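S.K.: My structure is in protein-v7.cif, and what it holds is mmCIF, C-alpha atoms and all ligand atoms:
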```cif
data_model
loop_
_atom_site.label_atom_id
_atom_site.label_comp_id
_atom_site.auth_asym_id
_atom_site.auth_seq_id
_atom_site.Cartn_x
_atom_site.Cartn_y
_atom_site.Cartn_z
CA MET U 14 116.36 106.33 110.42
CA GLN U 15 113.68 107.94 108.35
CA LEU U 16 110.21 106.58 107.60
CA GLU U 17 108.26 107.75 104.54
CA PHE U 18 104.64 106.93 103.70
CA TRP U 19 103.87 106.65 99.97
CA GLY U 20 100.50 104.88 100.14
CA VAL U 21 98.22 104.22 103.13
CA ARG U 22 94.93 103.07 101.59
CA GLY U 23 93.93 99.43 101.88
CA THR U 24 92.11 97.14 99.47
CA ALA U 25 91.77 99.44 96.44
CA PRO U 26 93.15 102.82 95.37
CA VAL U 27 90.71 105.72 95.57
CA SER U 28 90.53 109.35 94.54
CA GLY U 29 88.18 112.22 95.26
CA ARG U 30 88.00 115.57 97.01
CA ASP U 31 87.17 113.90 100.32
CA MET U 32 90.13 111.50 100.10
CA VAL U 33 93.03 113.96 99.81
CA ARG U 34 94.10 114.40 103.43
CA TYR U 35 95.38 110.82 103.87
CA GLY U 36 95.66 109.96 100.17
CA GLY U 37 94.31 107.28 97.88
CA HIS U 38 97.36 105.13 97.02
CA THR U 39 97.58 101.55 98.28
CA PRO U 40 100.32 100.47 100.73
CA CYS U 41 103.91 101.45 100.21
CA ALA U 42 106.42 102.83 102.71
CA ALA U 43 110.15 103.48 102.62
CA LEU U 44 112.78 103.42 105.35
CA ARG U 45 116.20 105.00 105.01
CA SER U 46 118.95 104.15 107.47
CA SER U 47 121.49 106.62 108.86
CA ALA U 48 123.95 105.16 106.29
CA GLY U 49 121.52 105.70 103.40
CA ASP U 50 120.28 102.10 103.04
CA LEU U 51 116.86 102.05 101.40
CA LEU U 52 114.18 99.56 102.33
CA ILE U 53 110.71 99.55 100.76
CA VAL U 54 107.76 97.81 102.40
CA ASP U 55 105.08 96.68 99.94
CA ALA U 56 104.46 97.68 96.34
CA GLY U 57 100.97 99.18 96.27
CA THR U 58 100.21 102.04 93.89
CA GLY U 59 102.20 104.40 96.14
CA ILE U 60 105.40 102.82 94.82
CA LYS U 61 104.99 104.54 91.45
CA ARG U 62 105.89 107.99 92.75
CA LEU U 63 108.58 106.56 95.00
CA GLY U 64 110.14 104.94 91.91
CA GLU U 65 110.18 108.27 90.09
CA ARG U 66 111.87 109.89 93.12
CA LEU U 67 114.50 107.13 93.30
CA MET U 68 115.30 107.43 89.60
CA ALA U 69 115.74 111.20 89.93
CA GLU U 70 117.96 110.78 93.02
CA SER U 71 120.22 108.08 91.58
CA GLY U 72 120.65 109.32 88.00
CA LYS U 73 122.76 106.78 86.11
CA ALA U 74 124.43 105.36 89.22
CA THR U 75 123.66 101.82 90.41
CA LEU U 76 120.39 101.84 92.32
CA GLU U 77 120.01 99.20 95.02
CA VAL U 78 116.46 98.54 96.07
CA ASP U 79 115.45 96.10 98.80
CA LEU U 80 111.72 95.43 98.81
CA LEU U 81 109.88 93.60 101.61
CA LEU U 82 106.52 92.11 100.67
CA THR U 83 104.04 91.32 103.45
CA HIS U 84 101.87 89.12 101.16
CA PHE U 85 100.61 89.02 97.57
CA HIS U 86 97.11 90.47 97.73
CA LEU U 87 96.70 92.90 94.86
CA ASP U 88 96.66 96.12 96.92
CA HIS U 89 100.23 95.32 98.07
CA ILE U 90 101.78 94.52 94.67
CA ILE U 91 99.67 96.31 92.05
CA GLY U 92 102.12 99.25 91.78
CA LEU U 93 105.08 97.08 90.81
CA PRO U 94 104.51 97.11 87.01
CA PHE U 95 104.62 100.94 87.27
CA PHE U 96 107.82 101.11 89.37
CA ALA U 97 110.37 102.83 87.11
CA PRO U 98 113.48 101.09 88.58
CA LEU U 99 112.05 97.75 87.40
CA TYR U 100 112.89 98.88 83.85
CA ALA U 101 116.28 100.44 84.67
CA PRO U 102 119.37 98.36 83.77
CA GLN U 103 121.33 100.05 86.58
CA ALA U 104 118.82 98.90 89.22
CA VAL U 105 119.38 95.83 91.39
CA ILE U 106 116.14 94.87 93.11
CA THR U 107 116.01 92.27 95.88
CA PHE U 108 112.54 90.97 96.67
CA PHE U 109 112.03 89.54 100.15
CA SER U 110 108.85 87.72 101.11
CA PRO U 111 107.81 85.02 103.57
CA ALA U 112 107.20 82.70 100.58
CA ALA U 113 109.80 80.56 98.81
CA PRO U 114 111.83 82.62 96.27
CA LYS U 115 110.36 80.71 93.29
CA GLU U 116 106.83 81.41 94.56
CA THR U 117 107.57 85.12 94.96
CA GLU U 118 108.86 85.29 91.39
CA LYS U 119 105.81 83.40 90.13
CA TYR U 120 103.26 85.60 91.93
CA LEU U 121 104.91 88.86 90.84
CA GLY U 122 105.38 87.57 87.30
CA GLY U 123 101.66 86.75 87.19
CA LEU U 124 100.83 90.46 87.15
CA GLN U 125 102.77 90.96 83.94
CA MET U 126 101.90 88.08 81.69
CA GLY U 127 99.51 87.18 78.92
CA ARG U 128 96.96 89.89 78.21
CA TYR U 129 97.42 91.63 81.56
CA PHE U 130 100.45 93.77 80.65
CA PRO U 131 102.53 94.40 77.51
CA VAL U 132 105.96 93.72 79.08
CA ALA U 133 106.72 90.41 80.82
CA PHE U 134 108.16 90.74 84.34
CA LYS U 135 111.14 88.51 83.44
CA GLU U 136 112.00 90.75 80.48
CA THR U 137 112.25 93.99 82.46
CA ALA U 138 115.78 95.43 82.43
CA SER U 139 116.60 95.55 86.16
CA GLN U 140 118.60 92.82 87.85
CA LYS U 141 116.28 90.90 90.16
CA LYS U 142 116.97 88.68 93.16
CA PHE U 143 114.44 86.74 95.20
CA LEU U 144 115.07 85.84 98.82
CA LYS U 145 113.00 84.28 101.56
CA ALA U 146 112.56 86.62 104.51
CA ASP U 147 114.10 84.58 107.33
CA GLU U 148 111.74 84.52 110.31
CA ALA U 149 114.69 84.36 112.69
CA GLY U 150 115.88 87.70 111.33
CA PHE U 151 118.16 89.05 108.62
CA SER U 152 120.01 92.24 107.79
CA VAL U 153 119.83 94.75 104.96
CA GLY U 154 122.67 97.26 105.38
CA LYS U 155 122.23 98.77 108.84
CA PHE U 156 118.69 97.45 109.18
CA ARG U 157 117.85 94.37 111.20
CA ILE U 158 114.56 92.78 110.07
CA SER U 159 112.31 90.10 111.55
CA HIS U 160 108.72 89.08 110.96
CA CYS U 161 105.74 87.48 112.64
CA PRO U 162 102.77 85.68 111.02
CA LEU U 163 99.42 87.47 111.02
CA ASN U 164 95.85 86.25 110.88
CA HIS U 165 94.81 87.10 107.30
CA PRO U 166 93.23 85.02 104.49
CA GLN U 167 96.11 83.26 102.62
CA GLY U 168 98.53 84.67 105.23
CA SER U 169 100.44 87.89 105.76
CA VAL U 170 103.25 88.96 108.07
CA ALA U 171 104.19 91.88 110.28
CA TYR U 172 107.72 93.19 109.79
CA ARG U 173 109.87 94.71 112.50
CA VAL U 174 112.70 96.87 111.17
CA GLU U 175 115.34 98.11 113.60
CA GLU U 176 118.34 100.39 113.47
CA GLY U 177 120.21 101.21 116.66
CA GLY U 178 117.62 101.46 119.41
CA GLN U 179 114.76 102.46 117.11
CA SER U 180 112.17 100.18 115.57
CA VAL U 181 109.23 100.38 113.18
CA ILE U 182 106.54 97.70 112.92
CA PHE U 183 104.36 97.21 109.83
CA ALA U 184 101.21 95.21 110.66
CA THR U 185 98.68 96.34 108.07
CA ASP U 186 96.63 93.23 107.28
CA THR U 187 95.50 91.31 110.34
CA GLU U 188 92.59 90.32 112.52
CA ARG U 189 92.50 89.58 116.22
CA PRO U 190 91.47 86.17 117.53
CA GLU U 191 87.82 85.75 118.53
CA GLN U 192 88.74 86.22 122.17
CA GLY U 193 91.30 88.67 123.45
CA LEU U 194 94.44 89.98 121.78
CA ASP U 195 96.88 88.45 119.33
CA GLU U 196 99.42 87.68 122.07
CA ARG U 197 102.13 86.68 119.58
CA LEU U 198 101.84 90.06 117.86
CA ALA U 199 101.73 91.87 121.22
CA SER U 200 105.08 90.38 122.17
CA PHE U 201 106.53 90.92 118.66
CA ILE U 202 105.84 94.67 118.83
CA ARG U 203 107.25 95.07 122.35
CA GLY U 204 108.73 98.52 122.94
CA ALA U 205 108.56 99.58 119.26
CA THR U 206 109.10 103.22 118.43
CA TYR U 207 106.43 103.27 115.69
CA PHE U 208 103.70 100.63 115.41
CA ILE U 209 101.81 100.89 112.10
CA TYR U 210 98.51 99.04 112.33
CA ASP U 211 95.48 98.01 110.29
CA ALA U 212 92.54 100.41 110.79
CA THR U 213 90.35 99.14 107.95
CA PHE U 214 87.14 98.98 110.00
CA THR U 215 85.40 100.90 112.73
CA PRO U 216 84.62 98.65 115.74
CA GLN U 217 80.96 98.68 114.57
CA GLU U 218 81.85 97.60 111.04
CA TYR U 219 84.16 94.91 112.38
CA ARG U 220 81.24 93.14 114.06
CA VAL U 221 79.78 92.27 110.63
CA ARG U 222 83.15 91.75 108.91
CA GLN U 223 84.69 89.08 111.12
CA GLY U 224 86.85 86.70 109.09
CA TRP U 225 87.82 89.32 106.49
CA GLY U 226 91.31 89.53 107.99
CA HIS U 227 91.25 93.16 109.06
CA SER U 228 91.03 95.22 112.25
CA SER U 229 89.80 98.41 113.81
CA TRP U 230 91.53 101.34 115.51
CA LEU U 231 90.30 99.94 118.84
CA ASP U 232 92.30 96.72 118.36
CA GLY U 233 95.30 98.90 117.50
CA THR U 234 95.09 100.85 120.75
CA LYS U 235 94.78 97.65 122.81
CA LEU U 236 97.85 96.13 121.15
CA ALA U 237 99.78 99.41 121.46
CA ARG U 238 99.15 99.40 125.22
CA ALA U 239 99.87 95.68 125.65
CA GLY U 240 103.10 95.96 123.65
CA GLY U 241 104.25 99.15 125.34
CA VAL U 242 104.95 100.90 122.02
CA LYS U 243 105.79 104.60 121.88
CA ASN U 244 103.61 105.64 118.92
CA LEU U 245 100.64 104.04 117.18
CA VAL U 246 100.10 104.88 113.50
CA LEU U 247 96.72 103.87 112.04
CA SER U 248 96.90 102.88 108.35
CA HIS U 249 95.46 100.66 105.58
CA PHE U 250 92.39 102.89 105.49
CA ASN U 251 89.13 101.65 104.07
CA PRO U 252 88.42 102.86 100.51
CA ASP U 253 84.91 103.74 101.76
CA HIS U 254 86.19 105.98 104.60
CA ASN U 255 86.59 109.61 103.64
CA ASP U 256 88.87 112.17 105.34
CA SER U 257 86.39 113.12 108.04
CA ARG U 258 85.71 109.49 108.98
CA VAL U 259 89.43 108.76 109.29
CA ALA U 260 89.95 111.93 111.35
CA GLY U 261 87.08 110.85 113.60
CA MET U 262 88.69 107.43 114.17
CA VAL U 263 91.98 109.05 115.16
CA ARG U 264 90.16 111.30 117.67
CA LEU U 265 88.49 108.30 119.27
CA ALA U 266 91.70 106.26 119.26
CA ARG U 267 93.58 109.06 121.06
CA LYS U 268 91.25 108.70 124.02
CA GLU U 269 92.47 105.12 124.37
CA PHE U 270 96.12 105.63 123.41
CA ARG U 271 97.32 109.23 123.48
CA ARG U 272 100.20 108.98 120.99
CA THR U 273 98.05 107.81 118.06
CA PHE U 274 98.56 109.26 114.57
CA ALA U 275 97.12 108.65 111.12
CA ALA U 276 99.43 107.55 108.33
CA ARG U 277 99.21 109.84 105.34
CA GLU U 278 100.79 109.92 101.93
CA GLY U 279 103.81 112.21 101.88
CA TRP U 280 104.42 112.06 105.65
CA THR U 281 108.12 111.72 106.50
CA VAL U 282 109.07 110.83 110.07
CA ARG U 283 112.63 111.34 111.31
CA ILE U 284 113.26 108.79 114.03
CA GLU U 285 116.22 109.89 116.11
CA ASP U 286 117.97 108.13 118.96
CA GLU U 287 116.73 109.65 122.17
ZN ZN U 301 95.88 94.99 102.19
#
```
Kindly return the structure encoded in the file as structure tokens.
Ligand SMILES: [Zn+2]
M.R.:
Amino acid sequence: MQLEFWGVRGTAPVSGRDMVRYGGHTPCAALRSSAGDLLIVDAGTGIKRLGERLMAESGKATLEVDLLLTHFHLDHIIGLPFFAPLYAPQAVITFFSPAAPKETEKYLGGLQMGRYFPVAFKETASQKKFLKADEAGFSVGKFRISHCPLNHPQGSVAYRVEEGGQSVIFATDTERPEQGLDERLASFIRGATYFIYDATFTPQEYRVRQGWGHSSWLDGTKLARAGGVKNLVLSHFNPDHNDSRVAGMVRLARKEFRRTFAAREGWTVRIEDE
């Protein structure tokens, strides 16, 4: 399968000369299976460019989009009104979230109603389906998907997406318990090929931001070791952390877990069976 990063910034989009290396768009990633199935994870501002790419690739043919939402905080859905396939009659978009389908439709519709946006979500031309992401697991094409609850205000989930023997974990909005590790998450990520984790804070910042629902690179390295993952990818970067601060976090993290990388907009990872 192939993993593509379209937005890796948490909380709020940013721009600036010192924010170009990792990028300023909020969370959005895409996975493509060996059979060409497309799965999108979250609809932050990064989804805008992905949508343009998908429209160019598919032309007038039917475009099937399966979109997994981790939760409904703005940074994870704010790109949706700017996602070109939403307005394309040939697009069939299936929205999966841990919430009930009616709730998902209501929360997404809330972005495009009243004075917030000129076109109502319901009136967009694509065909839309809403499904509850089954915690026990479900399939999209060749992908097998499961999820695990995370410690985040109003809730969030980690997704595990597998094809063949390869797996990618998305755990971008979470906080460890007061003592020790999130043991449930450590077992959920067991043996993953790529473990994408929340690196919003430095360990120093975390001390004064407990209860905000986010983590540091240090928590990521501890979980990566406990779960025996192959690669740790730090993501959901703080809008106040510039390129050199993020690079510094990755350097420190590598001392704790050697195969640590930073997510960055435009990074495509080919994950082959070994
Ligand atoms: Zn977030």
S.K.: U:Gln125, U:Thr213, U:Ser257, U:Ser71: which is nearest ligand ZN 301 (chain U), counting all atoms listed in the file?
M.R.: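 Checking each candidate against ligand ZN 301 (chain U), we get U:Thr213 as the closest.
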S.K.: Would you please work out which residue, of U:Thr83, U:Asn251, U:Gln140, U:Gln217, is nearest to His160 of chain U when using only C-alpha atoms?
M.R.: U:Thr83
S.K.: What's the 7 Å shell around segment 258-270 of chain U, counting only C-alpha atoms, without same-chain residues fewer than 6 positions away, as a VMD selection string?
M.R.: chain U and resid 230 to 231 234
S.K.: Taking only C-alpha atoms and all ligand atoms into account, which of U:Gly37, U:Gly57, U:Pro162, U:Pro190 comes nearest ligand ZN 301 (chain U)?
M.R.: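 That would be U:Gly57, the residue with the smallest distance to ligand ZN 301 (chain U).
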S.K.: Once you count all atoms listed in the file, what closest atom pair and distance in Å to one decimal does each residue of chain U within 7 Å of ligand ZN 301 (chain U) have, with rows by chain and rising residue number, as a tab-separated table?
M.R.:
```
residue	atom	partner	partner_atom	distance
U:Gly23	CA	U:ZN301	ZN	4.9
U:Thr24	CA	U:ZN301	ZN	5.1
U:His86	CA	U:ZN301	ZN	6.5
U:Asp88	CA	U:ZN301	ZN	5.4
U:His89	CA	U:ZN301	ZN	6.0
U:Thr185	CA	U:ZN301	ZN	6.7
U:Asp186	CA	U:ZN301	ZN	5.4
U:His249	CA	U:ZN301	ZN	6.6
```
S.K.: Enter the distance from atom CA of Thr39 of chain U to atom CA of Ile106 of chain U, in Å, rounded to one decimal.
M.R.: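 So the answer is 20.4 Å.
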S.K.: Atom CA of Ser159 of chain U to atom CA of Arg173 of chain U: how many Å, to one decimal?
M.R.: 5.3 Å
S.K.: Could you check which of U:Lys141, U:Gly122, U:Leu80, U:Leu236 is closest to Pro102 of chain U, using all atoms listed in the file?
M.R.: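 Among the listed residues, U:Lys141 lies closest to Pro102 of chain U.
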S.K.: Distance atom CA of Arg128 of chain U-atom CA of Asp79 of chain U, one decimal place?
M.R.: 28.4 Å
S.K.: Restricting the calculation to all atoms listed in the file, which member of U:Val27, U:Val132, U:Leu163, U:Ile284 is positioned closest to Gly177 of chain U?
M.R.: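 For Gly177 of chain U, the nearest of the given residues is U:Ile284.
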